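Listing of structure16.pdb, PDB, C-alpha atoms and all ligand atoms
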ATOM      1  CA  MET Z   1      -5.535  58.059 102.507
ATOM      2  CA  GLN Z   2      -7.140  54.687 101.852
ATOM      3  CA  ILE Z   3      -5.529  52.166  99.501
ATOM      4  CA  PHE Z   4      -7.539  49.438  97.793
ATOM      5  CA  THR Z   5      -6.459  46.605  95.567
ATOM      6  CA  HIS Z   6      -9.968  45.204  95.020
ATOM      7  CA  LYS Z   7     -12.757  47.215  93.412
ATOM      8  CA  LYS Z   8     -15.335  45.506  95.633
ATOM      9  CA  ASP Z   9     -13.703  47.031  98.726
ATOM     10  CA  LEU Z  10     -13.283  50.407  97.014
ATOM     11  CA  GLN Z  11     -16.960  50.501  96.062
ATOM     12  CA  GLU Z  12     -18.077  49.496  99.548
ATOM     13  CA  TYR Z  13     -15.934  52.242 101.110
ATOM     14  CA  LEU Z  14     -17.217  54.897  98.691
ATOM     15  CA  ARG Z  15     -20.807  53.811  99.329
ATOM     16  CA  LYS Z  16     -20.358  53.888 103.096
ATOM     17  CA  TRP Z  17     -18.483  57.189 103.459
ATOM     18  CA  PHE Z  18     -19.049  59.233 100.333
ATOM     19  CA  SER Z  19     -22.535  58.559  99.025
ATOM     20  CA  GLY Z  20     -24.010  61.721  97.563
ATOM     21  CA  ASN Z  21     -20.531  63.213  96.986
ATOM     22  CA  THR Z  22     -19.054  64.054  93.632
ATOM     23  CA  ILE Z  23     -16.302  61.535  92.889
ATOM     24  CA  GLY Z  24     -13.265  62.884  91.045
ATOM     25  CA  PHE Z  25     -11.110  60.273  89.326
ATOM     26  CA  VAL Z  26      -7.544  60.439  88.002
ATOM     27  CA  PRO Z  27      -6.445  57.253  86.213
ATOM     28  CA  THR Z  28      -2.641  56.812  86.003
ATOM     29  CA  MET Z  29      -0.012  54.202  85.322
ATOM     30  CA  GLY Z  30       2.063  55.352  88.286
ATOM     31  CA  ALA Z  31       5.672  56.632  88.245
ATOM     32  CA  LEU Z  32       3.993  59.825  89.320
ATOM     33  CA  HIS Z  33       5.346  63.326  88.744
ATOM     34  CA  ALA Z  34       4.066  66.881  89.144
ATOM     35  CA  GLY Z  35       1.896  66.497  86.018
ATOM     36  CA  HIS Z  36      -0.118  63.709  87.608
ATOM     37  CA  LEU Z  37      -0.311  65.626  90.880
ATOM     38  CA  SER Z  38      -1.752  68.663  89.070
ATOM     39  CA  LEU Z  39      -4.693  66.452  88.026
ATOM     40  CA  ILE Z  40      -5.182  65.398  91.659
ATOM     41  CA  GLU Z  41      -5.162  69.063  92.657
ATOM     42  CA  GLN Z  42      -7.849  69.881  90.067
ATOM     43  CA  SER Z  43      -9.984  66.986  91.229
ATOM     44  CA  LYS Z  44      -9.659  68.065  94.858
ATOM     45  CA  LYS Z  45     -10.817  71.563  93.915
ATOM     46  CA  LYS Z  46     -13.869  70.315  92.050
ATOM     47  CA  CYS Z  47     -14.989  67.166  93.863
ATOM     48  CA  GLY Z  48     -16.017  65.851  97.273
ATOM     49  CA  VAL Z  49     -13.639  62.904  97.098
ATOM     50  CA  THR Z  50     -10.659  62.134  94.866
ATOM     51  CA  VAL Z  51      -9.677  58.672  93.677
ATOM     52  CA  CYS Z  52      -6.411  57.977  91.856
ATOM     53  CA  SER Z  53      -5.790  54.634  90.195
ATOM     54  CA  ILE Z  54      -2.331  53.223  89.615
ATOM     55  CA  PHE Z  55      -2.392  50.433  87.074
ATOM     56  CA  VAL Z  56       0.084  49.694  84.298
ATOM     57  CA  ASN Z  57      -2.341  48.467  81.668
ATOM     58  CA  PRO Z  58      -0.780  45.742  79.520
ATOM     59  CA  THR Z  59      -3.360  46.043  76.714
ATOM     60  CA  GLN Z  60      -2.298  49.537  75.672
ATOM     61  CA  PHE Z  61       1.375  48.665  75.129
ATOM     62  CA  ASN Z  62       2.045  47.581  71.566
ATOM     63  CA  ASP Z  63       5.759  47.282  72.420
ATOM     64  CA  PRO Z  64       6.475  44.558  75.041
ATOM     65  CA  ALA Z  65       9.888  46.134  75.782
ATOM     66  CA  ASP Z  66       8.193  49.430  76.669
ATOM     67  CA  LEU Z  67       5.845  47.563  79.060
ATOM     68  CA  ALA Z  68       8.737  45.668  80.653
ATOM     69  CA  LYS Z  69      10.740  48.889  81.133
ATOM     70  CA  TYR Z  70       7.802  50.837  82.588
ATOM     71  CA  SER Z  71       8.835  52.095  86.013
ATOM     72  CA  ARG Z  72       6.725  50.956  89.011
ATOM     73  CA  PRO Z  73       7.882  52.888  92.105
ATOM     74  CA  ILE Z  74       4.688  52.192  94.061
ATOM     75  CA  GLU Z  75       5.980  53.220  97.524
ATOM     76  CA  ASN Z  76       7.099  56.602  96.247
ATOM     77  CA  ASP Z  77       3.838  57.068  94.323
ATOM     78  CA  ILE Z  78       1.795  56.425  97.454
ATOM     79  CA  GLN Z  79       3.886  58.919  99.398
ATOM     80  CA  LEU Z  80       3.379  61.575  96.687
ATOM     81  CA  LEU Z  81      -0.387  60.974  96.623
ATOM     82  CA  GLU Z  82      -0.562  61.189 100.396
ATOM     83  CA  GLN Z  83       1.309  64.530 100.328
ATOM     84  CA  ALA Z  84      -0.993  65.773  97.556
ATOM     85  CA  GLY Z  85      -4.029  65.069  99.737
ATOM     86  CA  CYS Z  86      -5.505  62.336  97.544
ATOM     87  CA  ASP Z  87      -8.295  60.520  99.408
ATOM     88  CA  ILE Z  88      -8.254  57.075  97.830
ATOM     89  CA  VAL Z  89      -5.793  55.018  95.784
ATOM     90  CA  TYR Z  90      -6.993  52.106  93.691
ATOM     91  CA  ASN Z  91      -3.974  49.904  92.919
ATOM     92  CA  PRO Z  92      -5.421  46.724  91.447
ATOM     93  CA  ASP Z  93      -3.884  43.815  89.575
ATOM     94  CA  THR Z  94      -4.918  42.814  86.065
ATOM     95  CA  ASN Z  95      -7.379  40.254  87.354
ATOM     96  CA  ASP Z  96      -9.297  42.795  89.442
ATOM     97  CA  VAL Z  97      -9.497  45.338  86.602
ATOM     98  CA  TYR Z  98     -10.522  42.925  83.857
ATOM     99  CA  ASP Z  99     -12.395  40.340  85.967
ATOM    100  CA  GLY Z 100      -9.989  37.713  84.651
ATOM    101  CA  GLU Z 101      -7.733  37.786  81.626
ATOM    102  CA  PRO Z 102      -7.255  41.200  79.989
ATOM    103  CA  SER Z 103      -9.784  41.743  77.233
ATOM    104  CA  ILE Z 104     -10.360  44.357  74.558
ATOM    105  CA  ILE Z 105     -13.685  46.054  73.953
ATOM    106  CA  GLN Z 106     -14.600  47.598  70.630
ATOM    107  CA  ILE Z 107     -16.060  51.087  70.615
ATOM    108  CA  ASP Z 108     -16.566  53.148  67.472
ATOM    109  CA  LEU Z 109     -14.167  56.029  67.913
ATOM    110  CA  GLY Z 110     -14.924  57.508  64.515
ATOM    111  CA  GLY Z 111     -11.361  57.038  63.264
ATOM    112  CA  LEU Z 112      -9.812  59.119  66.071
ATOM    113  CA  ASP Z 113      -7.977  55.981  67.144
ATOM    114  CA  LYS Z 114      -6.432  55.284  63.743
ATOM    115  CA  VAL Z 115      -4.249  58.369  63.246
ATOM    116  CA  PHE Z 116      -1.083  59.717  64.945
ATOM    117  CA  GLU Z 117      -0.616  57.681  68.167
ATOM    118  CA  GLY Z 118      -3.073  55.102  66.840
ATOM    119  CA  ALA Z 119      -1.095  54.723  63.605
ATOM    120  CA  GLN Z 120       2.303  54.643  65.343
ATOM    121  CA  ARG Z 121       1.117  52.291  68.083
ATOM    122  CA  PRO Z 122      -1.462  49.938  66.528
ATOM    123  CA  GLY Z 123      -4.056  48.749  69.055
ATOM    124  CA  HIS Z 124      -2.982  51.361  71.621
ATOM    125  CA  PHE Z 125      -6.347  53.115  71.856
ATOM    126  CA  ASP Z 126      -8.276  49.823  71.912
ATOM    127  CA  GLY Z 127      -6.298  49.105  75.080
ATOM    128  CA  VAL Z 128      -6.865  52.606  76.434
ATOM    129  CA  VAL Z 129     -10.652  52.573  76.024
ATOM    130  CA  SER Z 130     -10.839  49.014  77.362
ATOM    131  CA  VAL Z 131      -9.040  49.863  80.583
ATOM    132  CA  VAL Z 132     -10.633  53.296  81.018
ATOM    133  CA  LYS Z 133     -14.106  51.780  80.653
ATOM    134  CA  LYS Z 134     -13.286  49.085  83.226
ATOM    135  CA  LEU Z 135     -11.818  51.687  85.603
ATOM    136  CA  PHE Z 136     -14.843  53.983  85.198
ATOM    137  CA  GLU Z 137     -17.118  51.032  85.996
ATOM    138  CA  ALA Z 138     -15.044  50.223  89.085
ATOM    139  CA  VAL Z 139     -14.789  53.768  90.472
ATOM    140  CA  LYS Z 140     -18.102  55.168  89.138
ATOM    141  CA  PRO Z 141     -16.753  58.745  88.979
ATOM    142  CA  THR Z 142     -18.875  61.839  88.422
ATOM    143  CA  ASP Z 143     -15.849  63.801  87.142
ATOM    144  CA  VAL Z 144     -12.644  62.634  85.457
ATOM    145  CA  PHE Z 145      -9.350  64.474  84.962
ATOM    146  CA  PHE Z 146      -6.985  63.819  82.062
ATOM    147  CA  GLY Z 147      -3.841  65.626  80.886
ATOM    148  CA  GLN Z 148      -3.582  67.640  77.690
ATOM    149  CA  LYS Z 149      -0.107  66.073  77.369
ATOM    150  CA  ASP Z 150      -1.930  63.093  75.808
ATOM    151  CA  TYR Z 151      -4.144  65.253  73.622
ATOM    152  CA  GLN Z 152      -5.409  62.493  71.340
ATOM    153  CA  GLN Z 153      -6.257  60.377  74.397
ATOM    154  CA  THR Z 154      -8.489  63.178  75.718
ATOM    155  CA  LEU Z 155     -10.449  63.147  72.437
ATOM    156  CA  VAL Z 156     -10.688  59.363  72.435
ATOM    157  CA  VAL Z 157     -11.945  59.138  76.031
ATOM    158  CA  ARG Z 158     -14.428  61.993  75.499
ATOM    159  CA  LYS Z 159     -15.717  60.156  72.434
ATOM    160  CA  MET Z 160     -16.036  56.932  74.438
ATOM    161  CA  ILE Z 161     -18.018  58.740  77.155
ATOM    162  CA  ARG Z 162     -20.439  60.035  74.492
ATOM    163  CA  GLN Z 163     -20.696  56.732  72.632
ATOM    164  CA  GLU Z 164     -21.386  54.788  75.822
ATOM    165  CA  ASP Z 165     -23.785  57.428  77.168
ATOM    166  CA  MET Z 166     -21.860  57.755  80.410
ATOM    167  CA  SER Z 167     -22.853  60.618  82.621
ATOM    168  CA  ILE Z 168     -19.346  61.800  83.488
ATOM    169  CA  LYS Z 169     -17.862  65.305  83.362
ATOM    170  CA  PHE Z 170     -14.534  65.348  81.528
ATOM    171  CA  TYR Z 171     -11.750  67.831  82.317
ATOM    172  CA  THR Z 172      -8.626  68.370  80.228
ATOM    173  CA  CYS Z 173      -5.839  69.749  82.447
ATOM    174  CA  PRO Z 174      -2.844  71.742  81.145
ATOM    175  CA  THR Z 175       0.502  70.069  80.523
ATOM    176  CA  THR Z 176       2.981  70.438  83.379
ATOM    177  CA  ARG Z 177       6.512  71.127  82.130
ATOM    178  CA  GLU Z 178      10.080  71.021  83.390
ATOM    179  CA  ALA Z 179      11.772  74.420  83.826
ATOM    180  CA  ASP Z 180      13.154  74.248  80.266
ATOM    181  CA  GLY Z 181       9.752  73.416  78.779
ATOM    182  CA  LEU Z 182      10.030  69.639  78.329
ATOM    183  CA  ALA Z 183       6.632  68.076  79.057
ATOM    184  CA  MET Z 184       6.858  65.953  82.189
ATOM    185  CA  SER Z 185       6.575  62.255  81.471
ATOM    186  CA  SER Z 186       7.297  59.046  83.338
ATOM    187  CA  ARG Z 187       9.460  58.107  80.332
ATOM    188  CA  ASN Z 188      11.782  61.154  80.630
ATOM    189  CA  ALA Z 189      13.841  59.313  83.251
ATOM    190  CA  ARG Z 190      15.090  56.996  80.493
ATOM    191  CA  LEU Z 191      16.686  59.822  78.489
ATOM    192  CA  THR Z 192      20.499  59.998  78.378
ATOM    193  CA  ILE Z 193      22.136  63.382  79.058
ATOM    194  CA  GLU Z 194      22.540  63.975  75.302
ATOM    195  CA  GLU Z 195      18.947  62.976  74.547
ATOM    196  CA  ARG Z 196      17.652  65.119  77.385
ATOM    197  CA  ALA Z 197      19.538  68.142  76.010
ATOM    198  CA  GLN Z 198      17.921  67.680  72.588
ATOM    199  CA  ALA Z 199      14.470  66.865  74.024
ATOM    200  CA  THR Z 200      14.142  70.442  75.243
ATOM    201  CA  ASN Z 201      13.917  71.531  71.590
ATOM    202  CA  ILE Z 202      10.533  69.839  71.094
ATOM    203  CA  TYR Z 203       8.625  72.478  73.052
ATOM    204  CA  LYS Z 204      10.848  75.266  71.679
ATOM    205  CA  VAL Z 205       9.865  74.253  68.134
ATOM    206  CA  LEU Z 206       6.197  73.940  69.144
ATOM    207  CA  LYS Z 207       6.216  77.463  70.566
ATOM    208  CA  GLN Z 208       7.960  78.903  67.503
ATOM    209  CA  ALA Z 209       5.454  77.107  65.259
ATOM    210  CA  ALA Z 210       2.552  78.532  67.279
ATOM    211  CA  LEU Z 211       3.865  82.058  66.677
ATOM    212  CA  LYS Z 212       3.685  81.490  62.913
ATOM    213  CA  GLN Z 213      -0.085  80.912  63.031
ATOM    214  CA  GLY Z 214      -1.764  83.208  60.541
ATOM    215  CA  LEU Z 215       1.535  84.321  58.973
ATOM    216  CA  TYR Z 216       2.123  81.086  57.043
ATOM    217  CA  THR Z 217      -0.070  78.189  55.946
ATOM    218  CA  PRO Z 218      -0.334  75.163  58.248
ATOM    219  CA  THR Z 219       1.649  73.144  55.670
ATOM    220  CA  GLN Z 220       4.455  75.710  55.671
ATOM    221  CA  VAL Z 221       4.600  75.650  59.453
ATOM    222  CA  GLU Z 222       4.741  71.838  59.416
ATOM    223  CA  GLU Z 223       7.708  72.082  57.030
ATOM    224  CA  TYR Z 224       9.370  74.537  59.395
ATOM    225  CA  MET Z 225       8.907  72.110  62.314
ATOM    226  CA  HIS Z 226      10.379  69.208  60.345
ATOM    227  CA  THR Z 227      13.432  71.288  59.382
ATOM    228  CA  GLU Z 228      14.015  72.391  62.976
ATOM    229  CA  LEU Z 229      13.421  69.005  64.613
ATOM    230  CA  LYS Z 230      15.728  67.290  62.090
ATOM    231  CA  LYS Z 231      18.617  69.396  63.418
ATOM    232  CA  ASN Z 232      18.528  67.141  66.505
ATOM    233  CA  SER Z 233      20.686  64.173  65.568
ATOM    234  CA  LEU Z 234      19.149  61.811  68.158
ATOM    235  CA  MET Z 235      15.560  62.497  67.122
ATOM    236  CA  GLN Z 236      13.607  60.576  64.563
ATOM    237  CA  ILE Z 237      10.382  62.427  63.734
ATOM    238  CA  GLU Z 238       7.266  60.238  63.778
ATOM    239  CA  TYR Z 239       4.941  63.147  63.123
ATOM    240  CA  ALA Z 240       4.912  66.932  63.422
ATOM    241  CA  SER Z 241       1.464  67.935  62.207
ATOM    242  CA  ILE Z 242      -1.049  70.733  62.472
ATOM    243  CA  VAL Z 243      -4.618  69.474  62.486
ATOM    244  CA  ASP Z 244      -8.196  70.217  63.485
ATOM    245  CA  PRO Z 245      -8.410  70.151  67.310
ATOM    246  CA  THR Z 246     -11.711  68.252  67.360
ATOM    247  CA  ASP Z 247     -11.253  65.481  64.776
ATOM    248  CA  LEU Z 248      -7.494  65.574  64.066
ATOM    249  CA  LYS Z 249      -8.147  65.955  60.325
ATOM    250  CA  PRO Z 250      -5.797  68.067  58.160
ATOM    251  CA  ILE Z 251      -6.573  71.788  57.947
ATOM    252  CA  ILE Z 252      -5.847  74.241  55.143
ATOM    253  CA  ASP Z 253      -6.233  77.437  57.167
ATOM    254  CA  TRP Z 254      -6.341  78.575  60.796
ATOM    255  CA  GLN Z 255     -10.024  79.529  60.908
ATOM    256  CA  HIS Z 256     -11.368  76.824  63.203
ATOM    257  CA  GLY Z 257      -8.447  76.513  65.578
ATOM    258  CA  ALA Z 258      -5.654  73.975  65.414
ATOM    259  CA  VAL Z 259      -3.590  71.595  67.478
ATOM    260  CA  ILE Z 260       0.091  71.021  66.766
ATOM    261  CA  LEU Z 261       1.056  67.425  67.513
ATOM    262  CA  VAL Z 262       4.610  66.122  67.722
ATOM    263  CA  ALA Z 263       6.001  62.647  68.355
ATOM    264  CA  VAL Z 264       9.682  61.834  68.147
ATOM    265  CA  LYS Z 265      11.608  58.675  68.725
ATOM    266  CA  MET Z 266      14.913  58.886  70.568
ATOM    267  CA  PRO Z 267      17.205  55.903  71.087
ATOM    268  CA  SER Z 268      15.973  55.286  74.644
ATOM    269  CA  THR Z 269      12.296  56.254  74.398
ATOM    270  CA  ARG Z 270       9.669  58.118  72.363
ATOM    271  CA  LEU Z 271       8.261  61.474  73.395
ATOM    272  CA  ILE Z 272       5.035  63.299  72.507
ATOM    273  CA  ASP Z 273       3.939  66.867  73.028
ATOM    274  CA  ASN Z 274       1.396  69.313  71.649
ATOM    275  CA  VAL Z 275       0.178  72.887  71.679
ATOM    276  CA  VAL Z 276      -3.445  73.904  71.154
ATOM    277  CA  LEU Z 277      -4.003  77.145  69.246
TER     278      LEU Z 277
HETATM  279  P1  LIG P 301      -0.056  58.121  82.557
HETATM  280  O1  LIG P 301       0.340  57.701  83.920
HETATM  281  O2  LIG P 301       1.099  58.452  81.656
HETATM  282  O3  LIG P 301      -1.050  57.178  81.945
HETATM  283  O4  LIG P 301      -0.821  59.491  82.735
HETATM  284  C1  LIG P 301      -1.937  59.603  83.574
HETATM  285  C2  LIG P 301      -2.603  60.936  83.353
HETATM  286  O5  LIG P 301      -1.667  61.977  83.630
HETATM  287  C3  LIG P 301      -3.035  61.143  81.882
HETATM  288  O6  LIG P 301      -4.296  61.807  81.873
HETATM  289  C4  LIG P 301      -1.943  61.997  81.333
HETATM  290  O7  LIG P 301      -2.344  62.800  80.227
HETATM  291  C5  LIG P 301      -1.618  62.863  82.537
HETATM  292  N1  LIG P 301      -0.279  63.453  82.395
HETATM  293  C6  LIG P 301       0.868  62.815  82.078
HETATM  294  N2  LIG P 301       1.881  63.695  81.982
HETATM  295  C7  LIG P 301       1.351  64.917  82.231
HETATM  296  C8  LIG P 301       1.888  66.252  82.271
HETATM  297  N3  LIG P 301       3.160  66.507  82.026
HETATM  298  N4  LIG P 301       1.033  67.277  82.568
HETATM  299  C9  LIG P 301      -0.284  67.040  82.817
HETATM  300  N5  LIG P 301      -0.840  65.807  82.787
HETATM  301  C10 LIG P 301      -0.040  64.762  82.506
END
Reformat the file's structure so that it appears as structure tokens.
Amino acid sequence: MQIFTHKKDLQEYLRKWFSGNTIGFVPTMGALHAGHLSLIEQSKKKCGVTVCSIFVNPTQFNDPADLAKYSRPIENDIQLLEQAGCDIVYNPDTNDVYDGEPSIIQIDLGGLDKVFEGAQRPGHFDGVVSVVKKLFEAVKPTDVFFGQKDYQQTLVVRKMIRQEDMSIKFYTCPTTREADGLAMSSRNARLTIEERAQATNIYKVLKQAALKQGLYTPTQVEEYMHTELKKNSLMQIEYASIVDPTDLKPIIDWQHGAVILVAVKMPSTRLIDNVVL
């Protein structure tokens, strides 16, 4: 496995050894777990060469404390990627990604960036599209792999690819879960024992809500989710909503599919999860 900190060297290596190959790309912020590794596995199945980036992007954190607390176990990450058979790691600093000071680019995301995560974390998706665009320009992938765990992010990045006319194939990969159903996340490590015990109820409520599709209205199912999630004393609900899976707008029936989105705040961290119907 080759590790690069400068995109110039990465590009030269790809040109020399992998020209003509499909390039699969998995952007991450490190603190890797089995969810990230499942994206690597998908990329390896589909592409001639797999590149994983590890970069904690400052521009997508609206909360400086969250950025400061973000875990950076780079040695362990590299070991996991090596074991997973990743070909190339791009582990740049801010200067290499942004060619200087971090900057924000504006792309019309058709309002997808203003709701749910965008509303709870103002500026978050401006930071996401800025870094993803820079990383795509650095790696020049043919195929990219993102997790359904961050459902809204998959819509935002797909929209960016269309808006910017990039010729890149986009794959959404299923959410990898702990044995009790909790979606794997680099932030789970911050949960206390009590928080962790309650966190398992997020996916339980999502699954119960999914079973009510067609039997109740989306609004009734949202009410059910609020009632159930509120039983967890350490959880503050940010949203528990059932919306259109393509534009995240409210729905009044189940005819055109749905996605159930949940975000909760716990004392030590916030957690998101979703189920697509
Ligand atoms: P992050 O390092 O949190 O920026 O995540 C990097 C990529 O891994 C994103 O495309 C995430 O959606 C994806 N990811 C994070 N957690 C999971 C999970 N539990 N299952 C599948 N993909 C995930």
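Those protein and nucleic acid residues that have any atom within 6 Å of ligand LIG 301 (chain P) are, using all atoms listed in the file, Pro27, Thr28, Met29, Gly30, Gly35, His36, Phe146, Gly147, Gln148, Lys149, Asp150, Pro174, Thr175, Thr176, Arg177, Ala183, Met184 and Ser185 of chain Z.
You can rank Z:Gln236, Z:Ser241, Z:Thr227, Z:Asn91 by their closest distance to Z:Lys7 using all atoms listed in the file, and at the top of that list sits Z:Asn91.
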Please produce, as JSON lines, a per-residue contact table for stretch 180-207 of chain Z versus stretch 214-222 of chain Z (criterion: any atom at most 12 Å away, only C-alpha atoms considered), showing the nearest atom pair and its distance in Å to one decimal, sorted by chain then residue number.
{"residue": "Z:Val205", "atom": "CA", "partner": "Z:Val221", "partner_atom": "CA", "distance": 10.2}
{"residue": "Z:Leu206", "atom": "CA", "partner": "Z:Val221", "partner_atom": "CA", "distance": 10.0}
{"residue": "Z:Lys207", "atom": "CA", "partner": "Z:Val221", "partner_atom": "CA", "distance": 11.4}
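With all atoms listed in the file taken into account, the protein and nucleic acid residues at most 7 Å from Z:Asn274 (excluding it and anything under 6 positions from it in its own chain) are Lys149, Val259, Ile260, Leu261 and Val262 of chain Z.
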For the residues selected in the previous step, produce a file with C-alpha atoms as a compact mmCIF listing (two decimals), in the frame of the given file.
# COMPACT_ATOMS: atom_id res chain seq x y z
CA LYS Z 149 -0.11 66.07 77.37
CA VAL Z 259 -3.59 71.60 67.48
CA ILE Z 260 0.09 71.02 66.77
CA LEU Z 261 1.06 67.42 67.51
CA VAL Z 262 4.61 66.12 67.72
Exercise for the section: Within 9 Å of Z:Leu155, counting only C-alpha atoms, which residues show up once you throw out same-chain ones fewer than 3 positions away? Write them as JSON, numbers by chain, please. Expected result: {"Z": [112, 151, 152, 158, 159, 160, 245, 246, 247]}
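Across the model, the gap from atom CA of Z:Phe125 to atom CA of Z:Gly257 is 24.3 Å.
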Mind completing stretch 186-202 of chain Z with N, CA and C atoms? Output as an mmCIF file, in the coordinates of the input, please?
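Writing the result to result21.cif gives the following:
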data_model
loop_
_atom_site.group_PDB
_atom_site.id
_atom_site.type_symbol
_atom_site.label_atom_id
_atom_site.label_comp_id
_atom_site.auth_asym_id
_atom_site.auth_seq_id
_atom_site.Cartn_x
_atom_site.Cartn_y
_atom_site.Cartn_z
ATOM 1 N N SER Z 186 6.645 60.130 82.602
ATOM 2 C CA SER Z 186 7.297 59.046 83.338
ATOM 3 C C SER Z 186 8.459 58.488 82.515
ATOM 4 N N ARG Z 187 8.413 58.663 81.202
ATOM 5 C CA ARG Z 187 9.460 58.107 80.332
ATOM 6 C C ARG Z 187 10.700 59.005 80.251
ATOM 7 N N ASN Z 188 10.622 60.249 80.732
ATOM 8 C CA ASN Z 188 11.782 61.154 80.630
ATOM 9 C C ASN Z 188 12.994 60.612 81.381
ATOM 10 N N ALA Z 189 12.739 59.838 82.429
ATOM 11 C CA ALA Z 189 13.841 59.313 83.251
ATOM 12 C C ALA Z 189 14.763 58.415 82.420
ATOM 13 N N ARG Z 190 14.260 57.891 81.310
ATOM 14 C CA ARG Z 190 15.090 56.996 80.493
ATOM 15 C C ARG Z 190 16.068 57.744 79.593
ATOM 16 N N LEU Z 191 15.863 59.060 79.431
ATOM 17 C CA LEU Z 191 16.686 59.822 78.489
ATOM 18 C C LEU Z 191 18.132 59.917 78.969
ATOM 19 N N THR Z 192 19.089 59.766 78.048
ATOM 20 C CA THR Z 192 20.499 59.998 78.378
ATOM 21 C C THR Z 192 20.710 61.517 78.458
ATOM 22 N N ILE Z 193 21.861 61.940 78.943
ATOM 23 C CA ILE Z 193 22.136 63.382 79.058
ATOM 24 C C ILE Z 193 22.027 64.047 77.688
ATOM 25 N N GLU Z 194 22.560 63.389 76.654
ATOM 26 C CA GLU Z 194 22.540 63.975 75.302
ATOM 27 C C GLU Z 194 21.107 64.045 74.782
ATOM 28 N N GLU Z 195 20.348 62.983 75.002
ATOM 29 C CA GLU Z 195 18.947 62.976 74.547
ATOM 30 C C GLU Z 195 18.138 64.049 75.273
ATOM 31 N N ARG Z 196 18.392 64.145 76.579
ATOM 32 C CA ARG Z 196 17.652 65.119 77.385
ATOM 33 C C ARG Z 196 17.916 66.541 76.877
ATOM 34 N N ALA Z 197 19.176 66.805 76.502
ATOM 35 C CA ALA Z 197 19.538 68.142 76.010
ATOM 36 C C ALA Z 197 18.788 68.446 74.711
ATOM 37 N N GLN Z 198 18.641 67.443 73.850
ATOM 38 C CA GLN Z 198 17.921 67.680 72.588
ATOM 39 C C GLN Z 198 16.402 67.718 72.796
ATOM 40 N N ALA Z 199 15.921 66.955 73.786
ATOM 41 C CA ALA Z 199 14.470 66.865 74.024
ATOM 42 C C ALA Z 199 13.851 68.225 74.331
ATOM 43 N N THR Z 200 14.638 69.111 74.903
ATOM 44 C CA THR Z 200 14.142 70.442 75.243
ATOM 45 C C THR Z 200 13.708 71.215 73.995
ATOM 46 N N ASN Z 201 14.254 70.806 72.831
ATOM 47 C CA ASN Z 201 13.917 71.531 71.590
ATOM 48 C C ASN Z 201 12.505 71.237 71.086
ATOM 49 N N ILE Z 202 11.885 70.169 71.575
ATOM 50 C CA ILE Z 202 10.533 69.839 71.094
ATOM 51 C C ILE Z 202 9.579 70.995 71.412
#
